[in-house]
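Colleague: Submitted below is the structure of interest, expressed as structure tokens.
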4 protein chains.
Amino acid sequence: MANNNTTEERLLTAFSDLVLKYGYRGTTTKKIADVAGVNESTIFRHFKDKHGILNELVNKYLQDADQAANDFKPIGDIELDLIQGAKIYETFTTTHRSVFLIGLRESYQFPEIADAVRQLQQRFKKILVDKFTEMAESGEISSTVDIKNETDNFVLMIFGNVVLSFAYTDAELYIPSNQFLENNVRLFASHLK
Amino acid sequence: MANNNTTEERLLTAFSDLVLKYGYRGTTTKKIADVAGVNESTIFRHFKDKHGILNELVNKYLQDADQAANDFKPIGDIELDLIQGAKIYETFTTTHRSVFLIGLRESYQFPEIADAVRQLQQRFKKILVDKFTEMAESGEISSTVDIKNETDNFVLMIFGNVVLSFAYTDAELYIPSNQFLENNVRLFASHLK
Amino acid sequence: MANNNTTEERLLTAFSDLVLKYGYRGTTTKKIADVAGVNESTIFRHFKDKHGILNELVNKYLQDADQAANDFKPIGDIELDLIQGAKIYETFTTTHRSVFLIGLRESYQFPEIADAVRQLQQRFKKILVDKFTEMAESGEISSTVDIKNETDNFVLMIFGNVVLSFAYTDAELYIPSNQFLENNVRLFASHLK
Amino acid sequence: MANNNTTEERLLTAFSDLVLKYGYRGTTTKKIADVAGVNESTIFRHFKDKHGILNELVNKYLQDADQAANDFKPIGDIELDLIQGAKIYETFTTTHRSVFLIGLRESYQFPEIADAVRQLQQRFKKILVDKFTEMAESGEISSTVDIKNETDNFVLMIFGNVVLSFAYTDAELYIPSNQFLENNVRLFASHLK
DNA sequence: GATGAATGAGCGTTCATTCAT
DNA sequence: TATGAATGAACGCTCATTCAT
């Protein structure tokens, strides 16, 4: 038995962990059961089928996504706002790594997950664009700043780093969170002032 | 019969196409055979096993990767150099979509492919950093430019856009090539002058 | 369902029976399942793989072989001792027909089984030679008897009859057990007195 | 190309050699073609099918078997006659090892070969029994000799040694030809005088 | 006379899922 | 609530055989 949690929780945790390494297909019900310390057939008492486990995680993802989007409230300081956005995005995707990765890897099989992943990105972009537009109108941002494209670039950049960190877990390729926020995001922000 | 090409070519094409949708595991030998219009067992006359098909594509990837890295020769104009780099990177990854995606999605099962994908990224980064450092020393680039981090940001950005375009093929999320080079890369470059 | 035994027992029995007819390779998992009255995949719940079934039988063979060798205790009466030896050898090999035959037929693919079959033969030979040597020393056997070669001949003879009886099951070629012990073994023994 | 012989001869030789190691089933047409140095499909130009190769060898076996039986002409000297019989049997079976082994191993699949192997044994037995009976009638052999059973024992013994030598090629178990004839057969014969 | 390309049947094995207990 | 036994569909792969050249 993996830990003291509910059987259902242990199954969800086992599934999440295994998906990181093996992907959805490679995460067999046998592996899940072994890691969770239960019988394979027990899975089907708690979830309709293998897909049902994923659905549960997707539901949590969607709830948290709303929360994260609501939590992201730019305050009008470009630097702090981009750092805040990057931080929330990174925290959220890390918390929901398995769903994020399935959305990335198996987007064709699970279009609804791919959609969910995309939507989050769009919402973050919109929040930033809206705020920056507002700031541009009030003169806080120079009118020469190309808000739309800069925001696109920013989102691509933080998405790129998250993908690198998840897809190649053991690699030196991605930039660790703190360093990324302090150096890279801050540097990016400096061009918008 | 899918088209007039060699059986081997048809198999490679079928494999590549299916991998985009279904991933490596989901691309069954039966599907490959059906798409290529041959009997399933014919696959094994042309390739040692299923992995052998992938190996063939990886070999081509590695050859082309060398070529692409050699082709990327910055001329000392920041804007043109970044555009050139982004264009070559994008062209190369598009040509080798299937291998790139397998390296991204199934990095755990195929660490050598994940490595190959990573290496390309590092090589591009190094070429840029080397050139920009040289330009900074000769005064063509202001000494205030944070070459290392700017290059990181640039590479994350073009990587992010490539991943988006491949992973969510039918989505409106990624920025189409021409537009990306003209608007986003150019915009990014403008901050380095 | 073939009979009331455990699924595992039914599988082992089915495998054993089929091996006599078809050999190891010819005994397909489908045939085994059909004869045992279970689904083919059920085999793999009970045994790691096809070889695992054989391993199980080989383990039993090895255990029984020790027992058989220990049970064979010549009492110093040549005739009775040869009959006893022949009887134990025949009973043992008959009980483990399938393993014996695989060791004989597929010795190249399963050298460890071939070894096991050989060893039994050597052990029986040694027990006889040791006893007869002891009897020769105590004068119970004439010193003119060529113990080593006579024993070789005896073992070849009983081995030959066992092989005939197993390999050509429906033939009239081999000599049935009782008759063999009463006539042939006894006749052979008569020359050693 | 294996040697200068006819394609057909090379195929037959390749088949014979492979059968010793791998048995009939394990001797794939691909292996045969590789060893013979021809294309796999060439086999089917020379033989109807895989079984056809075996048939060819069986035909030769049957012709030679007649020859061997005719060659075996006991002269009335028990010792020399048994040695002669053992020698011819051994030579013949060695020459036709592959067929002999298939008859032994795959007797169920190829009953006609099993028959052929059995018949040879019966013919040898009959020749010996007939001669010894004749000798008994003429007083050359003591009337106390149990001709039938002694002959059975003798045939089992030489059969046993041949099987050992073929089935466990690399083993020290069987008794090498010369030694077998000089020691074992001679010893056996000594009891009949 | 021989080849190379292709096939279809069948093999051992894995997997998500069901069912009786 | 959970288990252990069993299943059927599918998978990657091998094999003897066919056919056009």
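Residue numbering restarts at 1 in every chain; chains get A, B, ... in the order shown in the structure tokens, and ligands count up from 1 in that same order.
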Near region 157-174 of chain B, counting only C-alpha atoms (C1' of nucleotides), which residues have an atom at most 10 Å away, once you skip same-chain residues fewer than 6 positions from it, shown as a ChimeraX atom specification?

Modeller: /A:103-108,111,114-115,118-119,121-122,152-164 /B:20-21,85-87,89-91,93-94,97-98,100-101,104-105,121,151,180-181,184-185,188

Colleague: Which of chain A end up as alpha helix (DSSP H) when DSSP is run on this backbone - answer as an MDAnalysis selection string?

Modeller: chainID A and resid 7:26 29:36 43:46 50:71 78:95 97:105 111:137 147:167 177:179 186:190

Colleague: Take the residues from that selection and put them in a file with C-alpha atoms, as a CSV table (one decimal), in the first residue's frame.

Modeller:
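See out-v9.csv below for the written result:
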```csv
chain,number,residue,atom,x,y,z
A,7,THR,CA,-7.8,4.1,-2.6
A,8,GLU,CA,-9.1,6.6,-5.1
A,9,GLU,CA,-6.4,9.1,-4.2
A,10,ARG,CA,-3.7,6.6,-4.4
A,11,LEU,CA,-4.9,5.5,-7.8
A,12,LEU,CA,-5.0,9.1,-9.1
A,13,THR,CA,-1.5,9.7,-7.8
A,14,ALA,CA,-0.2,6.5,-9.2
A,15,PHE,CA,-1.7,7.3,-12.6
A,16,SER,CA,-0.3,10.8,-12.6
A,17,ASP,CA,3.2,9.7,-11.7
A,18,LEU,CA,3.2,6.9,-14.2
A,19,VAL,CA,2.0,9.1,-17.0
A,20,LEU,CA,5.0,11.4,-16.7
A,21,LYS,CA,7.3,8.5,-17.5
A,22,TYR,CA,5.3,6.3,-19.8
A,23,GLY,CA,2.6,8.5,-21.3
A,24,TYR,CA,-1.1,7.5,-21.3
A,25,ARG,CA,-0.8,4.3,-23.3
A,26,GLY,CA,2.3,3.2,-21.5
A,29,THR,CA,-3.8,-0.6,-15.5
A,30,LYS,CA,-1.5,-3.2,-14.1
A,31,LYS,CA,1.2,-0.7,-13.4
A,32,ILE,CA,-1.3,1.7,-11.8
A,33,ALA,CA,-2.6,-1.0,-9.6
A,34,ASP,CA,0.9,-2.1,-8.5
A,35,VAL,CA,2.0,1.4,-7.7
A,36,ALA,CA,-1.2,2.1,-5.8
A,43,ILE,CA,-9.5,0.4,-10.5
A,44,PHE,CA,-12.8,-0.4,-12.2
A,45,ARG,CA,-14.8,-0.1,-9.1
A,46,HIS,CA,-13.6,3.5,-8.7
A,50,LYS,CA,-9.0,3.8,-17.7
A,51,HIS,CA,-10.2,7.0,-19.4
A,52,GLY,CA,-12.2,7.7,-16.3
A,53,ILE,CA,-9.1,8.2,-14.2
A,54,LEU,CA,-7.9,10.8,-16.7
A,55,ASN,CA,-11.3,12.5,-16.7
A,56,GLU,CA,-11.1,12.9,-12.9
A,57,LEU,CA,-7.8,14.6,-13.3
A,58,VAL,CA,-9.0,16.8,-16.1
A,59,ASN,CA,-11.9,17.9,-14.0
A,60,LYS,CA,-9.5,19.0,-11.3
A,61,TYR,CA,-7.4,20.7,-13.9
A,62,LEU,CA,-10.4,22.6,-15.2
A,63,GLN,CA,-11.4,23.7,-11.7
A,64,ASP,CA,-7.9,24.8,-10.8
A,65,ALA,CA,-7.5,26.5,-14.2
A,66,ASP,CA,-10.4,28.8,-13.4
A,67,GLN,CA,-8.9,29.5,-10.0
A,68,ALA,CA,-5.5,30.2,-11.5
A,69,ALA,CA,-7.0,32.6,-14.2
A,70,ASN,CA,-8.9,34.4,-11.5
A,71,ASP,CA,-5.8,34.6,-9.3
A,78,ILE,CA,5.0,45.3,-16.2
A,79,GLU,CA,7.9,43.5,-14.6
A,80,LEU,CA,6.0,42.3,-11.6
A,81,ASP,CA,3.0,41.4,-13.7
A,82,LEU,CA,5.0,39.2,-16.1
A,83,ILE,CA,6.7,37.5,-13.2
A,84,GLN,CA,3.4,36.9,-11.5
A,85,GLY,CA,1.9,35.5,-14.7
A,86,ALA,CA,4.9,33.3,-15.4
A,87,LYS,CA,4.9,32.1,-11.8
A,88,ILE,CA,1.2,31.2,-11.8
A,89,TYR,CA,1.4,29.5,-15.1
A,90,GLU,CA,4.4,27.5,-14.1
A,91,THR,CA,2.9,26.5,-10.7
A,92,PHE,CA,-0.4,25.5,-12.3
A,93,THR,CA,1.2,23.4,-15.1
A,94,THR,CA,3.5,21.8,-12.6
A,95,THR,CA,0.6,20.9,-10.4
A,97,ARG,CA,1.9,18.0,-15.1
A,98,SER,CA,0.2,14.8,-16.1
A,99,VAL,CA,-2.8,16.4,-17.8
A,100,PHE,CA,-0.6,19.0,-19.4
A,101,LEU,CA,1.6,16.3,-20.8
A,102,ILE,CA,-1.2,14.2,-22.1
A,103,GLY,CA,-2.6,17.3,-23.7
A,104,LEU,CA,0.7,17.8,-25.3
A,105,ARG,CA,1.7,14.3,-26.3
A,111,PRO,CA,-8.8,16.7,-28.1
A,112,GLU,CA,-10.7,17.9,-25.1
A,113,ILE,CA,-7.6,17.9,-23.1
A,114,ALA,CA,-5.6,19.6,-25.8
A,115,ASP,CA,-8.4,22.2,-25.8
A,116,ALA,CA,-8.1,22.7,-22.0
A,117,VAL,CA,-4.4,23.3,-22.3
A,118,ARG,CA,-4.8,25.7,-25.1
A,119,GLN,CA,-7.5,27.6,-23.4
A,120,LEU,CA,-5.4,28.3,-20.4
A,121,GLN,CA,-2.8,29.8,-22.6
A,122,GLN,CA,-5.3,32.0,-24.3
A,123,ARG,CA,-6.7,33.2,-21.1
A,124,PHE,CA,-3.4,34.2,-19.7
A,125,LYS,CA,-2.6,36.0,-23.0
A,126,LYS,CA,-5.9,37.8,-22.9
A,127,ILE,CA,-5.4,39.0,-19.3
A,128,LEU,CA,-2.0,40.4,-20.2
A,129,VAL,CA,-3.1,42.0,-23.4
A,130,ASP,CA,-6.1,43.6,-21.7
A,131,LYS,CA,-4.1,45.0,-18.9
A,132,PHE,CA,-1.3,46.3,-21.1
A,133,THR,CA,-3.8,47.8,-23.5
A,134,GLU,CA,-5.3,49.6,-20.6
A,135,MET,CA,-1.9,50.8,-19.5
A,136,ALA,CA,-1.1,51.9,-23.0
A,137,GLU,CA,-4.3,54.0,-23.1
A,147,ILE,CA,1.4,44.7,-27.2
A,148,LYS,CA,-0.1,41.9,-29.1
A,149,ASN,CA,3.1,40.4,-30.5
A,150,GLU,CA,5.1,41.0,-27.3
A,151,THR,CA,2.6,39.1,-25.3
A,152,ASP,CA,2.6,36.3,-27.9
A,153,ASN,CA,6.4,36.2,-27.6
A,154,PHE,CA,6.2,36.1,-23.8
A,155,VAL,CA,3.6,33.3,-23.7
A,156,LEU,CA,5.6,31.3,-26.2
A,157,MET,CA,8.7,31.7,-24.1
A,158,ILE,CA,7.2,30.6,-20.8
A,159,PHE,CA,5.3,27.7,-22.6
A,160,GLY,CA,8.6,26.7,-24.2
A,161,ASN,CA,10.4,26.5,-20.9
A,162,VAL,CA,7.6,24.5,-19.2
A,163,VAL,CA,7.5,22.0,-22.0
A,164,LEU,CA,11.3,21.6,-21.9
A,165,SER,CA,11.2,21.0,-18.2
A,166,PHE,CA,8.5,18.4,-18.4
A,167,ALA,CA,9.5,16.6,-21.5
A,177,SER,CA,12.1,28.2,-12.2
A,178,ASN,CA,13.7,30.8,-9.9
A,179,GLN,CA,16.5,31.6,-12.4
A,186,ARG,CA,12.8,40.2,-15.9
A,187,LEU,CA,15.0,40.7,-19.0
A,188,PHE,CA,12.0,40.2,-21.2
A,189,ALA,CA,10.0,42.8,-19.2
A,190,SER,CA,12.8,45.3,-19.4
```

Colleague: Could you tell me which residues of chain A sit within 8 Å of chain F when counting only C-alpha atoms (C1' of nucleotides), and give me the result as a ChimeraX atom specification?

Modeller: /A:39,41-42

Colleague: Which residues of chain E are close to chain B, meaning at most 12 Å apart when you count only C-alpha atoms (C1' of nucleotides), and how do they look as a PyMOL selection string?

Modeller: chain E and resi 4-9
